[in-house]
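Participant: Sharing a structure below in structure tokens format, with a few things to ask.
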Amino acid sequence: MRTILFDFDGTVADTLPLIFTAFRSTFQQFHHRRYADEEIVAMFGPTETGILQAKIPPDQVEQALDHFFRVYAEGHRHVHNPAEIALMLDRLREAGIVMGIVTGKGRRSADISLQAWGLARYFDVVITGDDVSRPKPDPEGILSAMERLGARAEQTLYVGDSDADVLAGRAAALVTVGVDWLPVTQKAGRFQPEPDYLFTDPGAFADWVLG
């Protein structure tokens with residue numbers, strides 16, 4: 001493999017707890033309802049802006065977004081991404097693997113996490129939910145990333161933690177890798193459909209790629 005495209009939240013960034021906290025705080029203040037983690041995951045697909053627009057009165061959306069991003073950014077000051085993720089990415093980069101991100105999160109939140117945790121340096125392309133008209137499981141974002149990188153399907157993997165990731169990777173004719181190696185993921189358990197490969201340890205994944 002020459003190219004690896006990753007999902008972001010729950011795959012290379014332990015951001016899902018921060019996302020849940022930020023959404024829960026925002027909904028409590030502007031929607032007056034407390035949502036469980038599973039209910040928030042069920043909203044995933046649109047960007048943060050799209051999710052909040054669907055729940056918050058129009059005249060409060062901008063305030064709600066400011067609140068969300070403030071809470072989300074603040075969380076990065078108290079939580080560090082697992083060291084084994086950086087070690088995996090270091091090994092892949094040193095071996096000459098070209099890497100990119102295809103995520104449903106918006107550009108603003110992606111940039112917060114990429115910069116706060118020093119992850120931006122690993123990726124040659126970052127496609128966010130703001131860059132596509134059709135979110136995963138549609139393959140638009142993956143195909144856009146491949147085009148920008150000049151990547152060929154037979155030499156590219158797509159790696160993610162959700163059913164939508166597997167479906168999007170398959171729709172792009174890629175080998176799919178499901179992961180369950182962070183404390184909180186979207187798919188803690190069986191994938192539907194099953195990915196081509198499943199890993200629960202980032203070091204083992206790097207060993208397999210570089211094998």
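As shown in the structure tokens, the chain order sets the letters A, B, ...; within each chain, residues go from 1, and ligands are also counted from 1 in the order they appear.
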Could you list, as a list in words, every residue within 9 Å of Ala110 in chain A, counting only C-alpha atoms and ignoring same-chain residues fewer than 4 positions away?

Facilitator: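 After dropping sequence-adjacent residues, the list is Phe8, Thr103, Lys105, Gly106, Leu114, Gln115, Val126 and Thr128 of chain A.
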
Participant: Excluding range 149-164 of chain A and residues on its chain fewer than 4 positions from it, collect all residues at most 7 Å away from it, counting only C-alpha atoms, and give them as number ranges by chain.

Facilitator: A: 1-7, 10-11, 136-137, 145, 168-169, 173-180, 185-187, 191-193

Participant: Can those selected residues be exported to a file as a PDB file, in the first residue's frame so that it contains N, CA and C atoms?

Facilitator:
ATOM      1  N   MET A   1       0.831  -1.195   0.000  1.00  0.00           N
ATOM      2  CA  MET A   1       0.000   0.000   0.000  1.00  0.00           C
ATOM      3  C   MET A   1       0.869   1.251   0.000  1.00  0.00           C
ATOM      4  N   ARG A   2       0.468   2.220  -0.792  1.00  0.00           N
ATOM      5  CA  ARG A   2       1.209   3.479  -0.848  1.00  0.00           C
ATOM      6  C   ARG A   2       0.464   4.633  -0.191  1.00  0.00           C
ATOM      7  N   THR A   3      -0.848   4.486  -0.082  1.00  0.00           N
ATOM      8  CA  THR A   3      -1.666   5.569   0.457  1.00  0.00           C
ATOM      9  C   THR A   3      -2.624   5.013   1.498  1.00  0.00           C
ATOM     10  N   ILE A   4      -2.735   5.706   2.628  1.00  0.00           N
ATOM     11  CA  ILE A   4      -3.717   5.344   3.645  1.00  0.00           C
ATOM     12  C   ILE A   4      -4.548   6.577   3.967  1.00  0.00           C
ATOM     13  N   LEU A   5      -5.854   6.447   3.810  1.00  0.00           N
ATOM     14  CA  LEU A   5      -6.787   7.502   4.192  1.00  0.00           C
ATOM     15  C   LEU A   5      -7.474   7.077   5.484  1.00  0.00           C
ATOM     16  N   PHE A   6      -7.508   7.990   6.436  1.00  0.00           N
ATOM     17  CA  PHE A   6      -8.083   7.711   7.745  1.00  0.00           C
ATOM     18  C   PHE A   6      -9.324   8.566   7.994  1.00  0.00           C
ATOM     19  N   ASP A   7     -10.300   7.979   8.658  1.00  0.00           N
ATOM     20  CA  ASP A   7     -11.290   8.768   9.367  1.00  0.00           C
ATOM     21  C   ASP A   7     -10.544   9.490  10.497  1.00  0.00           C
ATOM     22  N   GLY A  10     -12.185   9.110  16.676  1.00  0.00           N
ATOM     23  CA  GLY A  10     -12.284   7.710  17.050  1.00  0.00           C
ATOM     24  C   GLY A  10     -11.359   6.800  16.278  1.00  0.00           C
ATOM     25  N   THR A  11     -10.580   7.378  15.362  1.00  0.00           N
ATOM     26  CA  THR A  11      -9.665   6.578  14.536  1.00  0.00           C
ATOM     27  C   THR A  11      -8.216   7.006  14.764  1.00  0.00           C
ATOM     28  N   LYS A 136     -20.224  10.745   4.232  1.00  0.00           N
ATOM     29  CA  LYS A 136     -20.166   9.294   4.329  1.00  0.00           C
ATOM     30  C   LYS A 136     -21.496   8.774   4.856  1.00  0.00           C
ATOM     31  N   PRO A 137     -21.993   7.658   4.319  1.00  0.00           N
ATOM     32  CA  PRO A 137     -21.265   6.621   3.589  1.00  0.00           C
ATOM     33  C   PRO A 137     -21.044   6.865   2.096  1.00  0.00           C
ATOM     34  N   ALA A 145     -10.101  12.988  -1.975  1.00  0.00           N
ATOM     35  CA  ALA A 145      -8.757  12.868  -1.399  1.00  0.00           C
ATOM     36  C   ALA A 145      -7.832  12.090  -2.320  1.00  0.00           C
ATOM     37  N   ALA A 168     -18.325   3.632   2.922  1.00  0.00           N
ATOM     38  CA  ALA A 168     -17.711   4.629   2.034  1.00  0.00           C
ATOM     39  C   ALA A 168     -16.461   4.073   1.373  1.00  0.00           C
ATOM     40  N   GLY A 169     -15.639   3.368   2.134  1.00  0.00           N
ATOM     41  CA  GLY A 169     -14.438   2.773   1.558  1.00  0.00           C
ATOM     42  C   GLY A 169     -14.763   1.757   0.481  1.00  0.00           C
ATOM     43  N   ALA A 173     -14.181   1.485  -3.820  1.00  0.00           N
ATOM     44  CA  ALA A 173     -13.431   0.313  -4.303  1.00  0.00           C
ATOM     45  C   ALA A 173     -12.095   0.144  -3.582  1.00  0.00           C
ATOM     46  N   LEU A 174     -12.054   0.507  -2.295  1.00  0.00           N
ATOM     47  CA  LEU A 174     -10.831   0.370  -1.510  1.00  0.00           C
ATOM     48  C   LEU A 174     -10.910  -0.819  -0.560  1.00  0.00           C
ATOM     49  N   VAL A 175      -9.750  -1.324  -0.168  1.00  0.00           N
ATOM     50  CA  VAL A 175      -9.668  -2.244   0.952  1.00  0.00           C
ATOM     51  C   VAL A 175     -10.005  -1.449   2.211  1.00  0.00           C
ATOM     52  N   THR A 176     -10.886  -1.989   3.049  1.00  0.00           N
ATOM     53  CA  THR A 176     -11.339  -1.264   4.241  1.00  0.00           C
ATOM     54  C   THR A 176     -10.758  -1.896   5.505  1.00  0.00           C
ATOM     55  N   VAL A 177     -10.409  -1.036   6.448  1.00  0.00           N
ATOM     56  CA  VAL A 177      -9.881  -1.474   7.734  1.00  0.00           C
ATOM     57  C   VAL A 177     -10.736  -0.851   8.836  1.00  0.00           C
ATOM     58  N   GLY A 178     -11.360  -1.692   9.636  1.00  0.00           N
ATOM     59  CA  GLY A 178     -12.089  -1.223  10.802  1.00  0.00           C
ATOM     60  C   GLY A 178     -11.176  -1.217  12.010  1.00  0.00           C
ATOM     61  N   VAL A 179     -11.299  -0.199  12.849  1.00  0.00           N
ATOM     62  CA  VAL A 179     -10.446  -0.119  14.032  1.00  0.00           C
ATOM     63  C   VAL A 179     -11.283   0.087  15.285  1.00  0.00           C
ATOM     64  N   ASP A 180     -10.799  -0.495  16.359  1.00  0.00           N
ATOM     65  CA  ASP A 180     -11.410  -0.332  17.681  1.00  0.00           C
ATOM     66  C   ASP A 180     -10.261  -0.265  18.682  1.00  0.00           C
ATOM     67  N   THR A 185     -15.083   4.801  20.607  1.00  0.00           N
ATOM     68  CA  THR A 185     -15.232   4.784  19.161  1.00  0.00           C
ATOM     69  C   THR A 185     -16.721   4.778  18.828  1.00  0.00           C
ATOM     70  N   GLN A 186     -17.014   4.955  17.550  1.00  0.00           N
ATOM     71  CA  GLN A 186     -18.412   4.869  17.122  1.00  0.00           C
ATOM     72  C   GLN A 186     -18.897   3.429  17.069  1.00  0.00           C
ATOM     73  N   LYS A 187     -17.988   2.493  16.883  1.00  0.00           N
ATOM     74  CA  LYS A 187     -18.377   1.108  16.671  1.00  0.00           C
ATOM     75  C   LYS A 187     -17.608   0.231  17.659  1.00  0.00           C
ATOM     76  N   PHE A 191     -18.953  -4.655  13.328  1.00  0.00           N
ATOM     77  CA  PHE A 191     -19.256  -3.771  12.208  1.00  0.00           C
ATOM     78  C   PHE A 191     -20.312  -4.414  11.321  1.00  0.00           C
ATOM     79  N   GLN A 192     -21.156  -3.572  10.734  1.00  0.00           N
ATOM     80  CA  GLN A 192     -22.130  -4.012   9.730  1.00  0.00           C
ATOM     81  C   GLN A 192     -22.124  -3.013   8.577  1.00  0.00           C
ATOM     82  N   PRO A 193     -21.513  -3.357   7.440  1.00  0.00           N
ATOM     83  CA  PRO A 193     -20.899  -4.644   7.110  1.00  0.00           C
ATOM     84  C   PRO A 193     -19.506  -4.786   7.724  1.00  0.00           C
TER      85      PRO A 193
END

Participant: Would you mind telling me which residue in A:Val12, A:Met99, A:Val166, A:Asp138 lies nearest to Pro82 in chain A when using only C-alpha atoms?

Facilitator: A:Val12

Participant: Between A:Ala36, A:Pro57, A:Ala13, A:Gln29, which one has atoms that come closest to Ile101 in chain A, using only C-alpha atoms?

Facilitator: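 Closest to Ile101 in chain A of all the choices is A:Ala13.
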
Participant: Tell me which of A:Leu89, A:Gly45, A:Gln63, A:Ala22 sits closest to Asp165 in chain A, counting only C-alpha atoms.

Facilitator: A:Gly45

Participant: May I have the residues within 12 Å of Ala83 in chain A as a count of residues only, using only C-alpha atoms and disregarding those fewer than 2 positions away in the same chain?

Facilitator: 18

Participant: Please return as JSON, numbers by chain: the residues of range 42-203 of chain A that backbone DSSP assigns to strand (DSSP E).

Facilitator: {"A": [98, 99, 100, 101, 102, 125, 126, 127, 156, 157, 158, 159, 160, 175, 176, 177, 178, 179, 197, 198, 199]}

Participant: Take the residues from that selection and put them in a file with N, CA and C atoms, as a PDB file, in the first residue's frame.

Facilitator:
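Result written to out-v7.pdb:
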ATOM      1  N   VAL A  98       1.941   7.705   2.068  1.00  0.00           N
ATOM      2  CA  VAL A  98       1.224   8.985   1.962  1.00  0.00           C
ATOM      3  C   VAL A  98      -0.092   8.845   2.712  1.00  0.00           C
ATOM      4  N   MET A  99      -0.392   9.834   3.565  1.00  0.00           N
ATOM      5  CA  MET A  99      -1.576   9.713   4.416  1.00  0.00           C
ATOM      6  C   MET A  99      -2.497  10.920   4.283  1.00  0.00           C
ATOM      7  N   GLY A 100      -3.788  10.672   4.430  1.00  0.00           N
ATOM      8  CA  GLY A 100      -4.781  11.738   4.381  1.00  0.00           C
ATOM      9  C   GLY A 100      -5.917  11.460   5.345  1.00  0.00           C
ATOM     10  N   ILE A 101      -6.717  12.487   5.575  1.00  0.00           N
ATOM     11  CA  ILE A 101      -7.892  12.399   6.437  1.00  0.00           C
ATOM     12  C   ILE A 101      -9.143  12.637   5.602  1.00  0.00           C
ATOM     13  N   VAL A 102     -10.160  11.810   5.824  1.00  0.00           N
ATOM     14  CA  VAL A 102     -11.490  12.054   5.272  1.00  0.00           C
ATOM     15  C   VAL A 102     -12.462  11.940   6.435  1.00  0.00           C
ATOM     16  N   VAL A 125      -3.417  15.599   2.878  1.00  0.00           N
ATOM     17  CA  VAL A 125      -4.716  16.147   2.501  1.00  0.00           C
ATOM     18  C   VAL A 125      -5.684  15.909   3.648  1.00  0.00           C
ATOM     19  N   VAL A 126      -6.557  16.875   3.890  1.00  0.00           N
ATOM     20  CA  VAL A 126      -7.612  16.738   4.894  1.00  0.00           C
ATOM     21  C   VAL A 126      -8.922  17.163   4.247  1.00  0.00           C
ATOM     22  N   ILE A 127      -9.811  16.204   4.059  1.00  0.00           N
ATOM     23  CA  ILE A 127     -11.138  16.472   3.504  1.00  0.00           C
ATOM     24  C   ILE A 127     -12.133  16.434   4.654  1.00  0.00           C
ATOM     25  N   THR A 156      -4.517   1.777  -2.081  1.00  0.00           N
ATOM     26  CA  THR A 156      -5.024   2.672  -1.043  1.00  0.00           C
ATOM     27  C   THR A 156      -5.904   1.916  -0.058  1.00  0.00           C
ATOM     28  N   LEU A 157      -5.757   2.245   1.229  1.00  0.00           N
ATOM     29  CA  LEU A 157      -6.621   1.737   2.289  1.00  0.00           C
ATOM     30  C   LEU A 157      -7.499   2.861   2.818  1.00  0.00           C
ATOM     31  N   TYR A 158      -8.697   2.497   3.288  1.00  0.00           N
ATOM     32  CA  TYR A 158      -9.469   3.451   4.080  1.00  0.00           C
ATOM     33  C   TYR A 158      -9.701   2.845   5.449  1.00  0.00           C
ATOM     34  N   VAL A 159      -9.383   3.624   6.490  1.00  0.00           N
ATOM     35  CA  VAL A 159      -9.379   3.145   7.868  1.00  0.00           C
ATOM     36  C   VAL A 159     -10.360   3.972   8.687  1.00  0.00           C
ATOM     37  N   GLY A 160     -11.276   3.306   9.398  1.00  0.00           N
ATOM     38  CA  GLY A 160     -12.235   4.055  10.206  1.00  0.00           C
ATOM     39  C   GLY A 160     -12.863   3.209  11.285  1.00  0.00           C
ATOM     40  N   VAL A 175      -9.750  -1.324  -0.168  1.00  0.00           N
ATOM     41  CA  VAL A 175      -9.668  -2.244   0.952  1.00  0.00           C
ATOM     42  C   VAL A 175     -10.005  -1.449   2.211  1.00  0.00           C
ATOM     43  N   THR A 176     -10.886  -1.989   3.049  1.00  0.00           N
ATOM     44  CA  THR A 176     -11.339  -1.264   4.241  1.00  0.00           C
ATOM     45  C   THR A 176     -10.758  -1.896   5.505  1.00  0.00           C
ATOM     46  N   VAL A 177     -10.409  -1.036   6.448  1.00  0.00           N
ATOM     47  CA  VAL A 177      -9.881  -1.474   7.734  1.00  0.00           C
ATOM     48  C   VAL A 177     -10.736  -0.851   8.836  1.00  0.00           C
ATOM     49  N   GLY A 178     -11.360  -1.692   9.636  1.00  0.00           N
ATOM     50  CA  GLY A 178     -12.089  -1.223  10.802  1.00  0.00           C
ATOM     51  C   GLY A 178     -11.176  -1.217  12.010  1.00  0.00           C
ATOM     52  N   VAL A 179     -11.299  -0.199  12.849  1.00  0.00           N
ATOM     53  CA  VAL A 179     -10.446  -0.119  14.032  1.00  0.00           C
ATOM     54  C   VAL A 179     -11.283   0.087  15.285  1.00  0.00           C
ATOM     55  N   TYR A 197     -10.475  -5.935   7.061  1.00  0.00           N
ATOM     56  CA  TYR A 197      -9.569  -6.249   8.164  1.00  0.00           C
ATOM     57  C   TYR A 197     -10.021  -5.469   9.392  1.00  0.00           C
ATOM     58  N   LEU A 198      -9.703  -5.987  10.564  1.00  0.00           N
ATOM     59  CA  LEU A 198     -10.060  -5.331  11.814  1.00  0.00           C
ATOM     60  C   LEU A 198      -8.842  -5.333  12.733  1.00  0.00           C
ATOM     61  N   PHE A 199      -8.546  -4.159  13.316  1.00  0.00           N
ATOM     62  CA  PHE A 199      -7.414  -4.048  14.234  1.00  0.00           C
ATOM     63  C   PHE A 199      -7.849  -3.376  15.525  1.00  0.00           C
TER      64      PHE A 199
END

Participant: Take CA of Leu65 in chain A and CA of Pro135 in chain A and report the distance between them in Å, one decimal.

Facilitator: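 Atom-to-atom, CA of Leu65 in chain A to CA of Pro135 in chain A, that is 20.0 Å.
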
Participant: Enumerate as a ChimeraX atom specification all residues of range 72-141 of chain A assigned to helix (DSSP H, G or I) by DSSP on the backbone, naming them with the chain letters and numbers the document uses.

Facilitator: /A:72-75,83-94,107-116,120-122,129-131,140-141

Participant: Using only C-alpha atoms for the distances, tell me which of A:Tyr72, A:Tyr35, A:Phe123, A:Phe23 is nearest to Ile51 in chain A.

Facilitator: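 Comparing A:Tyr72, A:Tyr35, A:Phe123, A:Phe23 against Ile51 in chain A, the winner is A:Phe23.
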
Participant: Using only C-alpha atoms, which of the listed residues (A:Gln60, A:Arg107, A:Arg91, A:Pro17) sits closest to His78 in chain A?

Facilitator: A:Pro17
